[in-house]
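Engineer: Hey, dropping start39.txt in here, compact mmCIF, C-alpha atoms:
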# COMPACT_ATOMS: atom_id res chain seq x y z
CA MET A 1 68.09 -4.93 42.19
CA THR A 2 66.17 -3.08 44.89
CA GLU A 3 66.15 0.66 44.39
CA PRO A 4 67.94 2.57 47.18
CA ALA A 5 65.95 4.77 49.48
CA ASP A 6 66.04 8.52 49.02
CA PRO A 7 69.24 9.75 50.68
CA ASP A 8 68.83 10.68 54.31
CA PRO A 9 72.05 11.65 56.13
CA GLY A 10 70.63 10.26 59.33
CA ASP A 11 69.48 6.81 58.29
CA GLY A 12 72.83 5.22 57.39
CA GLY A 13 71.23 3.41 54.41
CA LEU A 14 72.27 2.98 50.82
CA VAL A 15 72.26 5.74 48.26
CA ARG A 16 72.58 5.39 44.51
CA LEU A 17 75.43 7.32 42.89
CA ARG A 18 75.67 8.35 39.26
CA ILE A 19 79.28 8.34 38.05
CA ASP A 20 80.23 9.75 34.64
CA LEU A 21 83.38 8.28 33.11
CA ALA A 22 85.71 8.60 30.16
CA TYR A 23 88.37 6.07 29.22
CA ASP A 24 90.90 5.07 26.61
CA GLY A 25 89.90 1.49 25.81
CA THR A 26 93.25 0.54 24.26
CA GLY A 27 94.58 -1.27 27.32
CA PHE A 28 91.34 -2.96 28.39
CA ALA A 29 89.67 -6.25 27.52
CA GLY A 30 86.38 -4.33 27.45
CA TRP A 31 84.08 -3.01 30.15
CA ALA A 32 82.88 -6.19 31.87
CA ILE A 33 84.88 -8.13 34.45
CA GLN A 34 86.67 -11.16 33.02
CA PRO A 35 89.02 -13.64 34.71
CA ARG A 36 92.68 -12.63 34.49
CA GLN A 37 91.88 -9.66 32.24
CA ARG A 38 92.20 -5.93 32.80
CA THR A 39 88.75 -4.36 32.45
CA VAL A 40 87.20 -0.95 33.12
CA GLN A 41 84.61 -2.38 35.51
CA ALA A 42 87.24 -4.14 37.62
CA GLU A 43 89.35 -0.98 37.89
CA LEU A 44 86.39 1.18 38.87
CA GLU A 45 84.98 -1.27 41.42
CA GLY A 46 88.45 -1.66 42.94
CA ALA A 47 88.86 2.11 43.20
CA LEU A 48 85.44 2.54 44.83
CA ALA A 49 86.13 -0.24 47.33
CA THR A 50 89.44 1.40 48.21
CA VAL A 51 88.21 4.95 48.74
CA LEU A 52 85.00 3.89 50.51
CA ARG A 53 86.82 1.26 52.60
CA LEU A 54 84.33 -1.41 51.62
CA ALA A 55 85.00 -5.07 50.91
CA ASP A 56 82.96 -5.08 47.73
CA VAL A 57 81.27 -2.53 45.43
CA ARG A 58 79.27 -3.41 42.32
CA VAL A 59 78.58 -1.01 39.47
CA THR A 60 76.18 -1.03 36.50
CA CYS A 61 77.00 0.81 33.28
CA ALA A 62 74.90 2.35 30.51
CA GLY A 63 76.59 0.30 27.79
CA ARG A 64 79.17 -2.48 27.91
CA THR A 65 81.98 -1.54 25.56
CA ASP A 66 84.07 -4.22 23.84
CA ALA A 67 87.84 -4.64 24.04
CA GLY A 68 89.58 -1.60 22.58
CA VAL A 69 86.45 0.59 22.47
CA HIS A 70 86.68 4.03 24.10
CA ALA A 71 84.24 6.24 26.00
CA ARG A 72 83.79 9.94 26.60
CA GLY A 73 80.31 9.65 28.05
CA GLN A 74 79.97 6.35 29.91
CA VAL A 75 77.51 6.48 32.83
CA VAL A 76 77.57 4.15 35.83
CA HIS A 77 75.51 3.70 38.96
CA ALA A 78 76.55 2.18 42.28
CA ASP A 79 74.64 1.67 45.53
CA VAL A 80 76.84 2.57 48.50
CA PRO A 81 76.35 3.50 52.17
CA LEU A 82 75.77 7.23 52.48
CA ALA A 83 77.98 7.34 55.54
CA ALA A 84 80.91 5.90 53.57
CA PHE A 85 81.40 9.15 51.64
CA GLU A 86 79.79 11.54 54.10
CA GLY A 87 77.24 12.69 51.52
CA ASN A 88 79.80 14.67 49.50
CA PRO A 89 79.82 13.41 45.87
CA TYR A 90 82.35 16.02 44.70
CA ALA A 91 84.92 15.01 47.31
CA LEU A 92 84.30 11.36 46.50
CA GLY A 93 84.89 12.03 42.81
CA ARG A 94 88.27 13.59 43.56
CA ARG A 95 89.24 10.60 45.68
CA ILE A 96 88.19 8.10 43.01
CA ALA A 97 90.09 10.03 40.34
CA GLY A 98 93.20 9.89 42.53
CA VAL A 99 93.08 6.10 42.69
CA LEU A 100 92.05 5.22 39.14
CA PRO A 101 94.72 4.59 36.47
CA PRO A 102 95.41 7.42 33.98
CA ASP A 103 93.44 5.76 31.16
CA ILE A 104 90.18 6.16 33.13
CA GLY A 105 88.87 9.63 34.00
CA VAL A 106 86.03 10.68 36.28
CA ARG A 107 83.83 13.36 34.69
CA GLY A 108 81.30 13.69 37.50
CA VAL A 109 79.78 12.10 40.60
CA ALA A 110 76.26 12.87 41.87
CA ILE A 111 73.50 11.37 43.96
CA ALA A 112 71.11 9.85 41.42
CA PRO A 113 67.40 10.74 41.34
CA PRO A 114 64.93 8.13 42.64
CA GLY A 115 64.51 5.21 40.27
CA PHE A 116 67.60 6.04 38.20
CA ASP A 117 69.20 3.08 36.43
CA ALA A 118 72.31 3.68 34.33
CA ARG A 119 71.46 0.77 32.03
CA PHE A 120 67.69 0.99 31.66
CA SER A 121 66.87 4.69 32.12
CA PRO A 122 68.56 6.14 28.98
CA LEU A 123 66.50 7.44 26.09
CA TRP A 124 69.42 6.94 23.72
CA ARG A 125 73.15 6.30 23.37
CA ARG A 126 75.38 8.01 20.83
CA TYR A 127 78.53 6.45 19.39
CA ALA A 128 81.04 7.86 16.92
CA TYR A 129 83.20 5.78 14.62
CA ARG A 130 86.29 7.47 13.21
CA LEU A 131 88.57 6.46 10.35
CA THR A 132 90.91 8.24 7.99
CA GLU A 133 91.17 7.99 4.22
CA HIS A 134 94.70 9.40 4.34
CA PRO A 135 97.13 6.93 2.73
CA PHE A 136 99.67 7.42 5.53
CA GLY A 137 97.26 6.80 8.41
CA PRO A 138 95.95 8.95 11.26
CA GLU A 139 97.72 11.78 13.02
CA PRO A 140 99.94 10.43 15.83
CA LEU A 141 97.78 11.97 18.57
CA HIS A 142 94.80 9.97 17.23
CA ARG A 143 96.51 6.65 16.59
CA HIS A 144 94.40 5.01 19.33
CA ASP A 145 90.95 6.22 18.26
CA VAL A 146 91.10 6.61 14.46
CA VAL A 147 91.34 3.63 12.12
CA ALA A 148 93.92 3.81 9.33
CA TYR A 149 91.61 2.98 6.42
CA GLY A 150 93.59 4.56 3.60
CA ARG A 151 90.98 4.17 0.85
CA ALA A 152 88.63 6.71 -0.70
CA LEU A 153 84.97 6.32 0.23
CA ASP A 154 81.74 7.39 -1.47
CA LEU A 155 79.92 9.07 1.43
CA ALA A 156 76.80 9.76 -0.66
CA ALA A 157 76.39 6.04 -1.26
CA MET A 158 77.02 5.32 2.42
CA GLN A 159 74.36 7.86 3.40
CA ALA A 160 71.91 6.17 1.05
CA ALA A 161 72.74 2.78 2.56
CA SER A 162 72.29 4.13 6.08
CA ARG A 163 68.76 5.37 5.41
CA GLY A 164 67.58 1.81 4.90
CA LEU A 165 68.75 0.85 8.41
CA VAL A 166 67.14 3.62 10.47
CA GLY A 167 64.04 2.75 12.48
CA GLU A 168 62.86 -0.07 14.73
CA HIS A 169 64.09 -3.40 13.40
CA ASP A 170 65.36 -6.80 14.44
CA PHE A 171 69.12 -6.24 14.07
CA ALA A 172 69.99 -9.95 14.45
CA ALA A 173 72.00 -9.80 11.21
CA PHE A 174 74.29 -7.18 12.76
CA CYS A 175 74.58 -8.55 16.32
CA ARG A 176 76.26 -11.38 18.15
CA ARG A 177 73.35 -13.19 19.74
CA ARG A 178 73.06 -13.73 23.47
CA THR A 179 70.79 -16.47 24.77
CA GLY A 180 67.43 -15.07 25.78
CA ALA A 181 68.25 -11.49 24.70
CA THR A 182 66.25 -9.59 22.12
CA THR A 183 67.98 -8.03 19.11
CA VAL A 184 65.16 -5.54 18.41
CA ARG A 185 66.45 -1.99 18.58
CA THR A 186 65.44 1.46 17.34
CA LEU A 187 68.20 3.05 15.31
CA LEU A 188 67.50 6.77 15.47
CA GLU A 189 70.39 8.07 13.37
CA LEU A 190 73.24 6.80 11.21
CA GLN A 191 75.04 9.70 9.56
CA TRP A 192 78.39 9.99 7.77
CA SER A 193 80.47 13.14 7.57
CA ARG A 194 83.92 14.34 6.57
CA GLU A 195 86.09 16.35 8.91
CA PRO A 196 89.54 17.95 8.47
CA HIS A 197 92.64 15.79 7.96
CA ASP A 198 90.83 13.21 5.78
CA LEU A 199 88.74 12.08 8.75
CA VAL A 200 85.47 10.22 8.10
CA VAL A 201 83.06 10.00 11.04
CA ALA A 202 79.94 7.90 11.51
CA THR A 203 77.46 9.16 14.13
CA VAL A 204 75.26 6.33 15.38
CA LEU A 205 72.31 6.99 17.70
CA ALA A 206 69.92 4.35 19.10
CA ASP A 207 67.81 3.62 22.14
CA ALA A 208 70.16 0.70 22.84
CA PHE A 209 72.70 -1.48 21.04
CA CYS A 210 73.39 -5.18 21.02
CA HIS A 211 76.84 -6.79 20.93
CA SER A 212 78.95 -5.67 17.90
CA MET A 213 75.98 -3.85 16.36
CA VAL A 214 77.68 -0.50 15.69
CA ARG A 215 80.85 -1.99 14.23
CA SER A 216 78.84 -4.37 12.03
CA LEU A 217 76.68 -1.52 10.70
CA VAL A 218 79.84 0.48 9.99
CA GLY A 219 81.42 -2.50 8.23
CA ALA A 220 78.40 -2.96 5.98
CA CYS A 221 78.35 0.73 5.03
CA LEU A 222 82.09 0.69 4.29
CA ALA A 223 81.53 -2.11 1.77
CA VAL A 224 79.09 0.22 0.01
CA GLY A 225 81.47 3.19 0.27
CA GLU A 226 84.22 1.20 -1.43
CA GLY A 227 81.88 0.20 -4.26
CA ARG A 228 81.97 -3.52 -3.41
CA ARG A 229 78.24 -3.57 -2.61
CA PRO A 230 75.21 -1.58 -3.81
CA ALA A 231 73.52 0.91 -1.49
CA GLU A 232 70.57 -1.47 -1.01
CA TRP A 233 72.74 -4.29 0.34
CA PRO A 234 72.84 -3.40 4.09
CA ALA A 235 69.02 -3.19 4.21
CA GLN A 236 68.82 -6.58 2.46
CA VAL A 237 71.16 -8.05 5.08
CA LEU A 238 69.01 -6.52 7.83
CA ALA A 239 65.84 -8.07 6.38
CA GLY A 240 67.45 -11.52 6.45
CA ARG A 241 67.79 -11.42 10.27
CA VAL A 242 70.72 -13.87 10.07
CA ARG A 243 74.30 -12.99 10.88
CA ARG A 244 76.46 -13.31 7.77
CA ALA A 245 80.16 -13.92 7.31
CA ASP A 246 80.35 -11.35 4.50
CA VAL A 247 79.49 -8.49 6.90
CA THR A 248 82.84 -7.27 8.18
CA VAL A 249 82.99 -6.05 11.78
CA ALA A 250 84.98 -2.79 11.77
CA PRO A 251 88.01 -2.58 14.11
CA ALA A 252 87.26 -1.67 17.72
CA LEU A 253 89.75 1.17 18.09
CA GLY A 254 87.71 3.56 15.92
CA LEU A 255 84.64 3.37 18.16
CA THR A 256 83.84 5.75 21.03
CA LEU A 257 80.77 5.95 23.28
CA GLU A 258 80.20 9.69 23.14
CA GLU A 259 77.00 10.34 25.10
CA VAL A 260 74.20 8.69 27.06
CA HIS A 261 71.03 10.77 27.27
CA TYR A 262 68.50 10.42 30.10
CA PRO A 263 65.00 11.87 30.54
CA PRO A 264 64.25 14.46 33.25
CA ASP A 265 64.78 13.21 36.80
CA ALA A 266 61.06 12.72 37.42
CA GLU A 267 60.85 10.32 34.45
CA VAL A 268 63.90 8.07 34.91
CA ALA A 269 62.05 5.40 36.92
CA ALA A 270 59.24 5.07 34.37
CA ARG A 271 61.76 4.92 31.54
CA ALA A 272 63.69 2.13 33.30
CA LEU A 273 60.49 0.14 33.74
CA ALA A 274 59.54 0.52 30.07
CA ALA A 275 63.03 -0.41 28.84
CA ARG A 276 62.98 -3.68 30.79
CA ARG A 277 60.06 -5.00 28.76
CA ARG A 278 61.16 -7.44 26.08
CA ARG A 279 60.50 -6.18 22.56
CA GLU A 280 59.52 -8.39 19.65
CA ALA A 281 60.38 -7.77 16.02
CA PRO A 282 58.00 -5.32 14.31
CA ALA A 283 55.69 -6.71 11.68
Please lay out the structure from this file as structure tokens.
Structural biologist:
Amino acid sequence: MTEPADPDPGDGGLVRLRIDLAYDGTGFAGWAIQPRQRTVQAELEGALATVLRLADVRVTCAGRTDAGVHARGQVVHADVPLAAFEGNPYALGRRIAGVLPPDIGVRGVAIAPPGFDARFSPLWRRYAYRLTEHPFGPEPLHRHDVVAYGRALDLAAMQAASRGLVGEHDFAAFCRRRTGATTVRTLLELQWSREPHDLVVATVLADAFCHSMVRSLVGACLAVGEGRRPAEWPAQVLAGRVRRADVTVAPALGLTLEEVHYPPDAEVAARALAARRRREAPA
């Protein structure tokens, strides 16, 4: 995609917008547009087309979430005519929020810096996975974003298992492959913690994620936490680079995209260029 020109109120050209979103993924078939399915992308593009009075608007997100996965910190870019919103991102944000359904919220709208790409410019994405050990399930207010696990977990063993997964690896064993796409990623952090009300939270930080990667990593660690597998097992699965049926993919509803972190404005273009280069598995 051609980068938009720097905004100039007099030239009538395109300008790139950064839109920050939050959404409850319960009622969506994921982020990406699908035939005859309700998706976050379709709702957002429809809202933008309505408020900007355009026939068609296309958006690009920082990370495509699966069906049932939530977001507090999704980031999107869209190239639109500057004249269509009169150069006022705040007013546009209010108008978009007024059209979107209640399970999608606008957190901010701004003119993006030159070279910004919501998908390729991030330095890292942070997800959280939440489940409860309580035998009666989660609190009612969290029934949509906390998994009712109901079994005691050994977090020390799960921490030990997580250490063997951190770093740059080929995560093919924990991803659903896409033709032509690399599965090499740098996992920066995988931490487990306990919070009040029997809540167990996994914090997962990486430069990027492939399809089902977070939920597969969580599923492998849960097998260790239950005592069904030794702490070395997830790293052994990783080394095999083959997706295995005995790695359980954790339920989608416990997963939330919490934050997408970008470099300073002057560095977003260079970061996008670097991220587009295909990575091979490390030796």
Engineer: A:Ser216, A:Ser121, A:Thr26, A:Thr182: which is nearest A:Cys61, counting all atoms listed in the file?
Structural biologist: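 So, comparing all the options, the nearest one is A:Ser121.
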Engineer: Considering all atoms listed in the file, can you say which of A:Arg125, A:Arg178, A:Arg119, A:Arg228 comes closest to A:Ala275?
Structural biologist: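 Under the stated criterion, the closest residue is A:Arg119.
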Engineer: What lies within 10 Å of A:Asp56 using all atoms listed in the file, ignoring chain neighbours under 3 positions off, as a list in words?
Structural biologist: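 Non-adjacent residues within range: Glu45, Gly46, Leu48, Ala49, Thr50, Leu52, Arg53 and Val80 of chain A.
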Engineer: Pick out the residues sitting within 10 Å of A:Gly225, and hand them over as a PyMOL selection string; count all atoms listed in the file, and ignore anything fewer than 3 positions along from it in its own chain.
Structural biologist: chain A and resi 151-159+161+219-222+228-231
Engineer: Point out the residue among A:Ile96, A:Met213, A:Ala173, A:Leu187 with the least atom-to-atom distance to A:Ala239, counting only C-alpha atoms.
Structural biologist: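 Comparing A:Ile96, A:Met213, A:Ala173, A:Leu187 against A:Ala239, the winner is A:Ala173.
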Engineer: If we count all atoms listed in the file, what is near stretch 112-116 of chain A at a cut-off of 12 Å, once residues fewer than 6 positions away on the same chain are taken out, given as number ranges by chain?
Structural biologist: A: 1-7, 14-20, 60-62, 75-80, 89, 122, 262-273
Engineer: Do you have the atom CA of A:Leu199-atom CA of A:Gly68 distance handy?
Structural biologist: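 These atoms are spaced 19.5 Å apart.
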Engineer: Rank A:Glu259, A:Asp207, A:Asp198, A:Asp170 by their smallest atom-to-atom distance to A:Val237, using all atoms listed in the file, and report the top residue only.
Structural biologist: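 The shortest atom-to-atom distance to A:Val237 comes from A:Asp170.
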Engineer: Which one is closest to A:Glu86: A:Leu141, A:Ala128, A:Val51, A:Ala118? Count all atoms listed in the file.
Structural biologist: A:Val51
Engineer: Please determine the residues with any atom at most 12 Å from (88.8, -5.4, 10.7) (coordinates as given in the file, with all atoms listed in the file counting) and report them as a list of chain:residue names.
Structural biologist: A:Leu131, A:Val147, A:Ala148, A:Tyr149, A:Arg215, A:Ser216, A:Val218, A:Gly219, A:Ala220, A:Leu222, A:Ala223, A:Val247, A:Thr248, A:Val249, A:Ala250, A:Pro251, A:Ala252, A:Leu253, A:Gly254
Engineer: Give the answer as one residue: which of A:Phe174, A:Phe209, A:Trp192, A:Tyr23 has the shortest atom-to-atom distance to A:Asp246, using all atoms listed in the file?
Structural biologist: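 Once distances to A:Asp246 are computed over all atoms listed in the file, the minimum belongs to A:Phe174.
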Engineer: May I ask for the distance between atom CA of A:Val69 and atom CA of A:Thr256, given in Å to one decimal place?
Structural biologist: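 Atom CA of A:Thr256 lies 6.0 Å from atom CA of A:Val69.
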Engineer: Could you state the separation of atom CA of A:Leu188 and atom CA of A:Arg64 in Å, given to one decimal place?
Structural biologist: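 Atom CA of A:Arg64 lies 19.4 Å from atom CA of A:Leu188.
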